[in-house]
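Source file my_file03.json; content: JSON, C-alpha atoms.
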[["chain", "number", "residue", "atom", "x", "y", "z"],
["A", 4, "MET", "CA", 86.03, 94.36, 70.95],
["A", 5, "THR", "CA", 88.42, 96.75, 72.65],
["A", 6, "SER", "CA", 88.40, 98.69, 75.89],
["A", 7, "SER", "CA", 89.55, 102.22, 76.45],
["A", 8, "ASN", "CA", 93.26, 102.63, 77.26],
["A", 9, "PRO", "CA", 94.63, 106.04, 78.35],
["A", 10, "PHE", "CA", 97.89, 105.30, 76.49],
["A", 11, "PHE", "CA", 96.10, 105.60, 73.16],
["A", 12, "ASP", "CA", 93.80, 108.46, 74.05],
["A", 13, "ASP", "CA", 96.43, 110.88, 72.78],
["A", 14, "ILE", "CA", 97.89, 109.03, 69.77],
["A", 15, "ARG", "CA", 98.76, 111.02, 66.70],
["A", 16, "SER", "CA", 100.46, 109.50, 63.65],
["A", 17, "ARG", "CA", 101.25, 110.58, 60.15],
["A", 18, "PRO", "CA", 98.29, 110.99, 57.68],
["A", 19, "GLY", "CA", 95.49, 108.54, 58.34],
["A", 20, "VAL", "CA", 95.21, 109.05, 62.09],
["A", 21, "ASP", "CA", 93.29, 111.96, 63.64],
["A", 22, "PRO", "CA", 95.38, 114.33, 65.85],
["A", 23, "PRO", "CA", 94.51, 114.86, 69.51],
["A", 24, "GLN", "CA", 93.01, 117.70, 71.24],
["A", 25, "THR", "CA", 102.90, 132.50, 111.30],
["A", 26, "GLU", "CA", 104.43, 130.57, 114.04],
["A", 27, "GLU", "CA", 101.61, 129.84, 116.55],
["A", 28, "SER", "CA", 101.49, 126.49, 118.27],
["A", 29, "THR", "CA", 98.95, 124.36, 116.44],
["A", 30, "GLU", "CA", 97.50, 121.16, 117.81],
["A", 31, "ILE", "CA", 97.27, 118.55, 115.07],
["A", 32, "PRO", "CA", 94.33, 116.13, 115.26],
["A", 33, "GLU", "CA", 94.82, 112.43, 114.71],
["A", 34, "LEU", "CA", 93.69, 111.46, 111.24],
["A", 35, "VAL", "CA", 90.54, 109.61, 110.26],
["A", 36, "ASN", "CA", 90.13, 107.78, 106.98],
["A", 37, "ASP", "CA", 89.02, 109.80, 103.97],
["A", 38, "PRO", "CA", 86.87, 108.28, 101.21],
["A", 39, "ILE", "CA", 87.93, 110.51, 98.31],
["A", 40, "GLN", "CA", 88.86, 108.43, 95.27],
["A", 41, "THR", "CA", 88.50, 110.81, 92.31],
["A", 42, "VAL", "CA", 91.07, 110.68, 89.50],
["A", 43, "VAL", "CA", 91.78, 113.70, 87.33],
["A", 44, "LYS", "CA", 92.71, 112.85, 83.75],
["A", 45, "PRO", "CA", 93.40, 115.05, 80.73],
["A", 46, "ASN", "CA", 91.05, 114.82, 77.79],
["A", 47, "GLY", "CA", 92.13, 113.42, 74.44],
["A", 48, "THR", "CA", 90.79, 112.00, 71.21],
["A", 49, "VAL", "CA", 90.92, 108.33, 70.26],
["A", 50, "SER", "CA", 91.99, 106.64, 67.05],
["A", 51, "SER", "CA", 90.23, 103.26, 67.04],
["A", 52, "SER", "CA", 92.24, 101.95, 64.07],
["A", 53, "VAL", "CA", 95.59, 102.54, 65.80],
["A", 54, "ARG", "CA", 94.23, 101.19, 69.07],
["A", 55, "GLU", "CA", 93.13, 97.98, 67.38],
["A", 56, "LEU", "CA", 96.51, 97.57, 65.74],
["A", 57, "LEU", "CA", 98.77, 98.26, 68.69],
["A", 58, "GLU", "CA", 96.70, 97.41, 71.76],
["A", 59, "CYS", "CA", 97.30, 93.98, 73.29],
["A", 60, "PRO", "CA", 93.95, 92.12, 73.46],
["A", 61, "VAL", "CA", 94.87, 90.64, 76.85],
["A", 62, "CYS", "CA", 96.31, 93.47, 78.98],
["A", 63, "LEU", "CA", 95.05, 96.32, 76.75],
["A", 64, "ASN", "CA", 98.44, 98.04, 76.97],
["A", 65, "ALA", "CA", 100.54, 99.25, 74.06],
["A", 66, "MET", "CA", 102.63, 96.53, 72.43],
["A", 67, "TYR", "CA", 106.40, 96.84, 71.99],
["A", 68, "PRO", "CA", 108.86, 94.46, 70.26],
["A", 69, "PRO", "CA", 108.77, 91.57, 70.17],
["A", 70, "ILE", "CA", 105.10, 91.61, 69.10],
["A", 71, "HIS", "CA", 103.81, 88.06, 68.66],
["A", 72, "GLN", "CA", 101.13, 86.78, 66.30],
["A", 73, "CYS", "CA", 99.37, 83.49, 65.60],
["A", 74, "SER", "CA", 99.07, 81.87, 62.17],
["A", 75, "ASN", "CA", 95.81, 83.76, 61.63],
["A", 76, "GLY", "CA", 97.47, 87.13, 62.20],
["A", 77, "HIS", "CA", 96.12, 87.91, 65.69],
["A", 78, "THR", "CA", 98.67, 89.75, 67.82],
["A", 79, "LEU", "CA", 99.55, 90.09, 71.50],
["A", 80, "CYS", "CA", 102.40, 91.47, 73.54],
["A", 81, "SER", "CA", 105.40, 89.48, 74.73],
["A", 82, "GLY", "CA", 104.41, 89.95, 78.37],
["A", 83, "CYS", "CA", 101.05, 88.24, 77.87],
["A", 84, "LYS", "CA", 102.27, 85.35, 75.72],
["A", 85, "PRO", "CA", 103.25, 83.14, 78.72],
["A", 86, "ARG", "CA", 99.97, 84.00, 80.45],
["A", 87, "VAL", "CA", 97.85, 82.50, 77.66],
["A", 88, "HIS", "CA", 99.86, 79.24, 77.63],
["A", 89, "ASP", "CA", 100.94, 79.70, 74.02],
["A", 90, "ARG", "CA", 97.35, 79.84, 72.76],
["A", 91, "CYS", "CA", 95.99, 82.79, 70.78],
["A", 92, "PRO", "CA", 93.42, 84.55, 72.99],
["A", 93, "THR", "CA", 91.37, 85.44, 69.90],
["A", 94, "CYS", "CA", 91.15, 82.19, 67.92],
["A", 95, "ARG", "CA", 92.75, 79.69, 70.36],
["A", 96, "HIS", "CA", 95.26, 78.51, 67.74],
["A", 97, "GLU", "CA", 98.80, 77.74, 68.86],
["A", 98, "LEU", "CA", 100.95, 80.86, 68.88],
["A", 99, "GLY", "CA", 104.37, 79.42, 68.21],
["A", 100, "ASN", "CA", 107.18, 81.94, 67.80],
["A", 101, "ILE", "CA", 105.90, 84.08, 64.94],
["A", 102, "ARG", "CA", 106.91, 87.70, 65.26],
["A", 103, "CYS", "CA", 104.82, 90.43, 63.65],
["A", 104, "LEU", "CA", 107.59, 92.50, 62.07],
["A", 105, "ALA", "CA", 105.17, 94.43, 59.88],
["A", 106, "LEU", "CA", 103.28, 95.80, 62.88],
["A", 107, "GLU", "CA", 106.53, 96.66, 64.63],
["A", 108, "LYS", "CA", 107.50, 98.70, 61.56],
["A", 109, "VAL", "CA", 104.11, 100.42, 61.53],
["A", 110, "ALA", "CA", 104.65, 101.40, 65.15],
["A", 111, "ALA", "CA", 108.12, 102.72, 64.34],
["A", 112, "SER", "CA", 106.58, 105.07, 61.74],
["A", 113, "LEU", "CA", 104.26, 106.72, 64.25],
["A", 114, "GLU", "CA", 104.81, 109.97, 66.11],
["A", 115, "LEU", "CA", 102.78, 110.62, 69.23],
["A", 116, "PRO", "CA", 102.22, 113.46, 71.67],
["A", 117, "CYS", "CA", 103.07, 112.81, 75.30],
["A", 118, "LYS", "CA", 100.08, 111.46, 77.21],
["A", 119, "TYR", "CA", 100.63, 114.34, 79.65],
["A", 120, "GLN", "CA", 99.80, 116.84, 76.93],
["A", 121, "GLY", "CA", 96.78, 117.93, 78.96],
["A", 122, "PHE", "CA", 99.14, 118.89, 81.80],
["A", 123, "GLY", "CA", 101.35, 121.08, 79.59],
["A", 124, "CYS", "CA", 103.79, 118.85, 77.69],
["A", 125, "ILE", "CA", 103.95, 119.82, 74.00],
["A", 126, "GLY", "CA", 106.52, 117.25, 72.86],
["A", 127, "ILE", "CA", 105.95, 114.82, 69.99],
["A", 128, "TYR", "CA", 107.86, 111.51, 70.21],
["A", 129, "PRO", "CA", 108.47, 108.42, 68.10],
["A", 130, "TYR", "CA", 106.36, 105.48, 69.28],
["A", 131, "TYR", "CA", 109.32, 103.60, 70.73],
["A", 132, "SER", "CA", 110.65, 106.69, 72.59],
["A", 133, "LYS", "CA", 107.35, 107.85, 74.04],
["A", 134, "LEU", "CA", 107.21, 105.45, 76.99],
["A", 135, "LYS", "CA", 110.69, 106.40, 78.22],
["A", 136, "HIS", "CA", 109.88, 110.09, 77.92],
["A", 137, "GLU", "CA", 106.63, 109.72, 79.86],
["A", 138, "SER", "CA", 108.39, 107.98, 82.73],
["A", 139, "GLN", "CA", 110.52, 111.13, 83.17],
["A", 140, "CYS", "CA", 108.23, 113.86, 81.83],
["A", 141, "VAL", "CA", 108.39, 116.95, 84.05],
["A", 142, "PHE", "CA", 104.69, 117.54, 83.35],
["A", 143, "ARG", "CA", 103.56, 114.15, 84.62],
["A", 144, "PRO", "CA", 101.05, 114.68, 87.44],
["A", 145, "TYR", "CA", 101.81, 114.08, 91.09],
["A", 146, "ASN", "CA", 99.89, 111.70, 93.32],
["A", 147, "CYS", "CA", 97.96, 113.22, 96.18],
["A", 148, "PRO", "CA", 100.36, 113.34, 99.18],
["A", 149, "TYR", "CA", 97.59, 112.79, 101.73],
["A", 150, "ALA", "CA", 98.67, 109.97, 104.03],
["A", 151, "GLY", "CA", 95.43, 109.00, 105.75],
["A", 152, "SER", "CA", 93.95, 106.96, 102.92],
["A", 153, "GLU", "CA", 94.86, 105.75, 99.46],
["A", 154, "CYS", "CA", 93.59, 108.83, 97.66],
["A", 155, "ALA", "CA", 93.74, 108.33, 93.88],
["A", 156, "VAL", "CA", 93.62, 112.00, 92.87],
["A", 157, "VAL", "CA", 96.46, 113.21, 90.63],
["A", 158, "GLY", "CA", 97.30, 116.64, 89.27],
["A", 159, "ASP", "CA", 99.83, 119.46, 89.22],
["A", 160, "VAL", "CA", 101.03, 121.08, 92.44],
["A", 161, "GLN", "CA", 98.48, 123.90, 92.57],
["A", 162, "PHE", "CA", 95.62, 121.54, 91.81],
["A", 163, "LEU", "CA", 96.73, 119.24, 94.64],
["A", 164, "VAL", "CA", 97.13, 122.14, 97.08],
["A", 165, "ASP", "CA", 93.52, 123.17, 96.39],
["A", 166, "HIS", "CA", 92.41, 119.54, 96.63],
["A", 167, "LEU", "CA", 94.14, 119.05, 99.99],
["A", 168, "LYS", "CA", 92.56, 122.22, 101.35],
["A", 169, "ASP", "CA", 89.05, 121.73, 99.98],
["A", 170, "ASP", "CA", 88.60, 117.96, 100.06],
["A", 171, "HIS", "CA", 90.93, 116.68, 102.80],
["A", 172, "LYS", "CA", 90.57, 119.81, 104.97],
["A", 173, "VAL", "CA", 94.29, 119.86, 105.80],
["A", 174, "ASP", "CA", 95.84, 122.71, 107.76],
["A", 175, "MET", "CA", 97.43, 125.32, 105.47],
["A", 176, "HIS", "CA", 100.13, 127.65, 106.83],
["A", 177, "SER", "CA", 102.30, 130.43, 105.40],
["A", 178, "GLY", "CA", 105.85, 130.87, 106.63],
["A", 179, "CYS", "CA", 109.04, 128.88, 107.00],
["A", 180, "THR", "CA", 108.84, 128.09, 110.73],
["A", 181, "PHE", "CA", 106.34, 125.94, 112.58],
["A", 182, "ASN", "CA", 105.37, 124.90, 116.10],
["A", 183, "HIS", "CA", 102.88, 122.02, 116.41],
["A", 184, "ARG", "CA", 101.55, 119.84, 119.21],
["A", 185, "TYR", "CA", 100.70, 116.19, 118.61],
["A", 186, "VAL", "CA", 98.40, 114.62, 121.18],
["A", 187, "LYS", "CA", 97.20, 111.04, 121.69],
["A", 188, "SER", "CA", 95.19, 109.95, 124.73],
["A", 189, "ASN", "CA", 96.31, 106.30, 124.55],
["A", 190, "PRO", "CA", 99.90, 106.18, 123.25],
["A", 191, "GLN", "CA", 100.04, 102.41, 123.82],
["A", 192, "GLU", "CA", 97.98, 102.06, 120.64],
["A", 193, "VAL", "CA", 100.88, 103.01, 118.41],
["A", 194, "GLU", "CA", 100.31, 100.94, 115.29],
["A", 195, "ASN", "CA", 99.32, 102.91, 112.19],
["A", 196, "ALA", "CA", 98.45, 106.10, 114.08],
["A", 197, "THR", "CA", 98.58, 109.01, 111.64],
["A", 198, "TRP", "CA", 98.04, 112.70, 112.33],
["A", 199, "MET", "CA", 96.58, 115.23, 109.94],
["A", 200, "LEU", "CA", 98.92, 116.42, 107.19],
["A", 201, "THR", "CA", 100.04, 120.05, 107.40],
["A", 202, "VAL", "CA", 100.97, 122.04, 104.27],
["A", 203, "PHE", "CA", 103.34, 125.04, 104.39],
["A", 204, "SER", "CA", 103.76, 127.77, 101.80],
["A", 205, "CYS", "CA", 107.38, 128.89, 101.94],
["A", 206, "PHE", "CA", 109.73, 130.51, 99.38],
["A", 207, "GLY", "CA", 106.89, 130.30, 96.84],
["A", 208, "GLN", "CA", 106.82, 126.48, 97.21],
["A", 209, "TYR", "CA", 104.71, 124.00, 99.17],
["A", 210, "PHE", "CA", 105.91, 121.51, 101.78],
["A", 211, "CYS", "CA", 104.04, 118.69, 103.58],
["A", 212, "LEU", "CA", 104.76, 117.92, 107.23],
["A", 213, "HIS", "CA", 103.99, 114.31, 108.23],
["A", 214, "PHE", "CA", 103.79, 112.85, 111.73],
["A", 215, "GLU", "CA", 102.85, 109.24, 112.42],
["A", 216, "ALA", "CA", 103.50, 106.20, 114.58],
["A", 217, "PHE", "CA", 104.69, 102.81, 113.39],
["A", 218, "GLN", "CA", 106.62, 99.74, 114.50],
["A", 219, "LEU", "CA", 110.39, 99.78, 113.99],
["A", 220, "GLY", "CA", 111.08, 96.10, 114.46],
["A", 221, "MET", "CA", 109.49, 95.39, 117.83],
["A", 222, "ALA", "CA", 109.83, 98.96, 119.05],
["A", 223, "PRO", "CA", 106.94, 101.45, 118.71],
["A", 224, "VAL", "CA", 108.23, 104.79, 117.42],
["A", 225, "TYR", "CA", 107.02, 108.13, 116.11],
["A", 226, "ILE", "CA", 108.44, 109.83, 113.03],
["A", 227, "ALA", "CA", 108.17, 113.37, 111.66],
["A", 228, "PHE", "CA", 109.42, 114.31, 108.19],
["A", 229, "LEU", "CA", 108.93, 116.86, 105.44],
["A", 230, "ARG", "CA", 108.10, 116.30, 101.77],
["A", 231, "PHE", "CA", 108.44, 118.82, 98.95],
["A", 232, "MET", "CA", 105.59, 119.35, 96.51],
["A", 233, "GLY", "CA", 107.71, 119.23, 93.37],
["A", 234, "ASP", "CA", 110.49, 117.20, 91.81],
["A", 235, "ASP", "CA", 113.60, 115.91, 93.55],
["A", 236, "ASP", "CA", 116.00, 118.28, 91.76],
["A", 237, "GLN", "CA", 114.07, 121.23, 93.26],
["A", 238, "ALA", "CA", 113.72, 119.61, 96.69],
["A", 239, "LYS", "CA", 117.50, 119.50, 97.01],
["A", 240, "ASN", "CA", 117.59, 123.30, 97.11],
["A", 241, "TYR", "CA", 116.01, 123.27, 100.57],
["A", 242, "THR", "CA", 116.94, 122.08, 104.05],
["A", 243, "TYR", "CA", 114.76, 121.70, 107.11],
["A", 244, "SER", "CA", 115.22, 121.04, 110.80],
["A", 245, "LEU", "CA", 112.89, 119.49, 113.39],
["A", 246, "GLU", "CA", 113.17, 119.65, 117.17],
["A", 247, "VAL", "CA", 111.26, 117.92, 119.95],
["A", 248, "GLY", "CA", 111.93, 118.07, 123.68],
["A", 249, "GLY", "CA", 110.81, 118.44, 127.26],
["A", 250, "ASN", "CA", 112.06, 118.12, 130.82],
["A", 251, "GLY", "CA", 115.30, 119.89, 129.92],
["A", 252, "ARG", "CA", 116.15, 117.53, 127.03],
["A", 253, "LYS", "CA", 115.69, 117.81, 123.29],
["A", 254, "MET", "CA", 116.27, 115.93, 120.04],
["A", 255, "THR", "CA", 116.98, 117.60, 116.70],
["A", 256, "TRP", "CA", 116.95, 116.46, 113.09],
["A", 257, "GLN", "CA", 118.22, 118.16, 109.95],
["A", 258, "GLY", "CA", 117.63, 116.89, 106.46],
["A", 259, "VAL", "CA", 116.55, 117.56, 102.90],
["A", 260, "PRO", "CA", 112.83, 117.26, 102.10],
["A", 261, "ARG", "CA", 111.91, 114.34, 99.89],
["A", 262, "SER", "CA", 109.85, 114.88, 96.74],
["A", 263, "ILE", "CA", 106.21, 113.79, 96.73],
["A", 264, "ARG", "CA", 107.19, 111.68, 93.71],
["A", 265, "GLU", "CA", 108.09, 109.23, 96.47],
["A", 266, "SER", "CA", 105.25, 107.93, 98.59],
["A", 267, "HIS", "CA", 105.04, 108.91, 102.25],
["A", 268, "ARG", "CA", 105.32, 105.20, 103.11],
["A", 269, "LYS", "CA", 108.61, 104.90, 101.22],
["A", 270, "VAL", "CA", 110.02, 107.92, 103.06],
["A", 271, "ARG", "CA", 108.77, 106.65, 106.41],
["A", 272, "ASP", "CA", 110.16, 103.16, 105.87],
["A", 273, "SER", "CA", 113.58, 104.62, 104.99],
["A", 274, "PHE", "CA", 113.58, 106.35, 108.43],
["A", 275, "ASP", "CA", 114.47, 109.65, 106.74],
["A", 276, "GLY", "CA", 113.18, 111.95, 109.48],
["A", 277, "LEU", "CA", 113.03, 112.69, 113.19],
["A", 278, "ILE", "CA", 112.47, 109.33, 114.92],
["A", 279, "ILE", "CA", 111.33, 109.31, 118.55],
["A", 280, "GLN", "CA", 111.11, 106.12, 120.60],
["A", 281, "ARG", "CA", 107.79, 105.85, 122.44],
["A", 282, "ASN", "CA", 109.41, 105.85, 125.89],
["A", 283, "MET", "CA", 111.32, 109.01, 125.01],
["A", 284, "ALA", "CA", 108.18, 110.58, 123.54],
["A", 285, "LEU", "CA", 106.30, 109.93, 126.81],
["A", 286, "PHE", "CA", 109.23, 111.35, 128.79],
["A", 287, "PHE", "CA", 109.06, 114.51, 126.67],
["A", 288, "SER", "CA", 105.30, 114.62, 127.26],
["A", 289, "GLY", "CA", 105.74, 114.89, 131.04],
["A", 290, "GLY", "CA", 102.93, 114.15, 133.47],
["A", 291, "ASP", "CA", 102.06, 110.55, 134.29],
["A", 292, "ARG", "CA", 103.33, 109.25, 130.90],
["A", 293, "LYS", "CA", 99.82, 108.07, 130.00],
["A", 294, "GLU", "CA", 99.16, 110.72, 127.37],
["A", 295, "LEU", "CA", 101.28, 111.75, 124.40],
["A", 296, "LYS", "CA", 101.82, 115.51, 124.20],
["A", 297, "LEU", "CA", 104.68, 116.26, 121.84],
["A", 298, "ARG", "CA", 105.64, 119.73, 120.67],
["A", 299, "VAL", "CA", 107.50, 119.64, 117.36],
["A", 300, "THR", "CA", 109.13, 122.83, 116.13],
["A", 301, "GLY", "CA", 111.05, 123.39, 112.94],
["A", 302, "ARG", "CA", 112.07, 125.63, 110.10],
["A", 303, "ILE", "CA", 112.78, 125.48, 106.38],
["A", 304, "TRP", "CA", 115.54, 127.38, 104.63],
["A", 305, "LYS", "CA", 116.91, 127.64, 101.12],
["A", 306, "GLU", "CA", 120.49, 126.66, 100.41],
["A", 307, "GLN", "CA", 122.57, 129.32, 98.65]]
Transcribe the structure of this file into structure tokens.
Amino acid sequence: MTSSNPFFDDIRSRPGVDPPQTEESTEIPELVNDPIQTVVKPNGTVSSSVRELLECPVCLNAMYPPIHQCSNGHTLCSGCKPRVHDRCPTCRHELGNIRCLALEKVAASLELPCKYQGFGCIGIYPYYSKLKHESQCVFRPYNCPYAGSECAVVGDVQFLVDHLKDDHKVDMHSGCTFNHRYVKSNPQEVENATWMLTVFSCFGQYFCLHFEAFQLGMAPVYIAFLRFMGDDDQAKNYTYSLEVGGNGRKMTWQGVPRSIRESHRKVRDSFDGLIIQRNMALFFSGGDRKELKLRVTGRIWKEQ
């Protein structure tokens, strides 16, 4: 008995296997958790015979050399062999060190479309080259860049822009400059405070502005940074600046937006953005220092 595996949903081999088918100041609200957990997947056809041959019965992933087998011919992948304590998961016989060379040769004879075919990739790849290609495929979908919850939606850039607008209700802006206010009534509660994502349309591309609070060692800090909705090689064509200030002082930051291929947590934890210590943030806020009122301005430009 096998279970569905997206890796094989798009398999195609040689005969015998079926082929597949404006700059106003905007106050940004603090974020609340969002329950959306939908995953978008491309459709594909399934070849049960190939799945049974090349799908590991333990992890259900595709098997790559060395493929192991027991004396009765049952196979499993090398990664799962230590997990079953050298016992065949199908018949419980001892596995030993028998390698299924015949199945490895069968796999080598296969040609498969990229599993991101439904997103636009038209390439056909040998079985043993497909995995490497897919890890770098320019058509592979992006994860939703929303930072308030672990949203599992994936898709191309335009799909995610519509998803952010319709499902997460994020603020959408046109233009390459921005001026936002971030407010928090109790700035002492700094841990894991996240404000609503803002998306900018600029130079025909989309950018995500993040602002959140976290602990840097023992010090509570705020960080603002920009991510590019596209790949890293495109992100490097742009530069952005951020500025925050008050009471006659200001802090500025200039950097290159990071691709949404990297999670917002990874960018945040690398401190790649405008970092503001809480005491300085309260100084910029003015008043009695009991309420956070930060105005963050910035702009995006394209390098020549």
Rounded to one decimal in Å, what is the spacing between atom CA of Tyr209 of chain A and atom CA of Asp159 of chain A?
->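 So the two atoms, atom CA of Tyr209 of chain A and atom CA of Asp159 of chain A, lie 12.0 Å apart.
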Have a look at A:Ile127, A:Ala110, A:Ile226, A:Leu297 and name the one nearest to His183 of chain A; count only C-alpha atoms.
-> A:Leu297
Surrounding residues of segment 241-257 of chain A excluding itself and chain neighbours under 3 positions, 8 Å, all atoms listed in the file, as a list in words =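 Once the adjacent positions are removed, what remains is Ala227, Leu229, Gln237, Ala238, Pro260, Gly276, Leu277, Phe286, Phe287, Ser288, Gly289, Leu297, Arg298, Val299, Thr300, Gly301, Arg302, Ile303, Trp304, Lys305 and Glu306 of chain A.
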Selected residue of minimal separation from Cys211 of chain A among A:Asp272, A:Glu265, A:Tyr128, A:Tyr149, counting all atoms listed in the file =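 The answer is A:Tyr149, which sits nearest to Cys211 of chain A.
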For Gly233 of chain A, which of A:Val164, A:Leu219, A:Leu295, A:Val53 is the closest residue, counting all atoms listed in the file?
->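 Result for the nearest residue to Gly233 of chain A: A:Val164.
Note that the spacing between atom CA of Glu114 of chain A and atom CA of Thr78 of chain A amounts to 21.2 Å.
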Distance atom CA of Leu57 of chain A-atom CA of Tyr130 of chain A, one decimal place?
->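 A separation of 10.5 Å between them.
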Tell me which protein, DNA and RNA residues are within 8 Å of Ser81 of chain A, counting all atoms listed in the file, leaving out same-chain ones fewer than 4 positions away, and put them as a list of chain:residue names.
-> A:Met66, A:Tyr67, A:Pro68, A:Pro69, A:Ile70, A:His71, A:Pro85
Residues near Asp165 of chain A, cut-off 12 Å, all atoms listed in the file, skip fewer than 5 positions along chain, as a ChimeraX atom specification | /A:147,156-160,170-175,202,209
Non-local contacts of segment 141-145 of chain A (10 Å; only C-alpha atoms; under 6 positions in same chain excluded) as a short mmCIF file (atom, residue, chain, number, x, y, z; two decimals) with C-alpha atoms, in the frame of the given file:
data_model
loop_
_atom_site.label_atom_id
_atom_site.label_comp_id
_atom_site.auth_asym_id
_atom_site.auth_seq_id
_atom_site.Cartn_x
_atom_site.Cartn_y
_atom_site.Cartn_z
CA VAL A 43 91.78 113.70 87.33
CA LYS A 44 92.71 112.85 83.75
CA CYS A 117 103.07 112.81 75.30
CA LYS A 118 100.08 111.46 77.21
CA TYR A 119 100.63 114.34 79.65
CA GLN A 120 99.80 116.84 76.93
CA GLY A 121 96.78 117.93 78.96
CA PHE A 122 99.14 118.89 81.80
CA GLY A 123 101.35 121.08 79.59
CA CYS A 124 103.79 118.85 77.69
CA ILE A 125 103.95 119.82 74.00
CA VAL A 156 93.62 112.00 92.87
CA VAL A 157 96.46 113.21 90.63
CA GLY A 158 97.30 116.64 89.27
CA ASP A 159 99.83 119.46 89.22
CA VAL A 160 101.03 121.08 92.44
CA PHE A 162 95.62 121.54 91.81
CA LEU A 163 96.73 119.24 94.64
CA MET A 232 105.59 119.35 96.51
CA GLY A 233 107.71 119.23 93.37
CA ASP A 234 110.49 117.20 91.81
CA SER A 262 109.85 114.88 96.74
CA ILE A 263 106.21 113.79 96.73
CA ARG A 264 107.19 111.68 93.71
CA GLU A 265 108.09 109.23 96.47
#
Looking at A:Lys269, A:Arg261, A:Arg281, A:Arg102, which one is nearest to Gly76 of chain A, with distances taken over only C-alpha atoms?
->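 Between A:Lys269, A:Arg261, A:Arg281, A:Arg102, the residue approaching Gly76 of chain A most closely is A:Arg102.
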Nearest to Arg86 of chain A among A:Ile101, A:Cys73, A:Cys62, A:Leu106, with distances taken over all atoms listed in the file: which residue is it?
->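 Smallest distance to Arg86 of chain A is found for A:Cys62.
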Residue among A:Val87, A:Ala105, A:Ile279, A:Cys179 lying closest to Cys205 of chain A, counting all atoms listed in the file =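 Smallest separation from Cys205 of chain A among the options: A:Cys179.
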Residues within 8 Å of Ala150 of chain A, all atoms listed in the file, excluding chain neighbours under 6 positions, as a list in words | Thr197, Leu200 and His267 of chain A
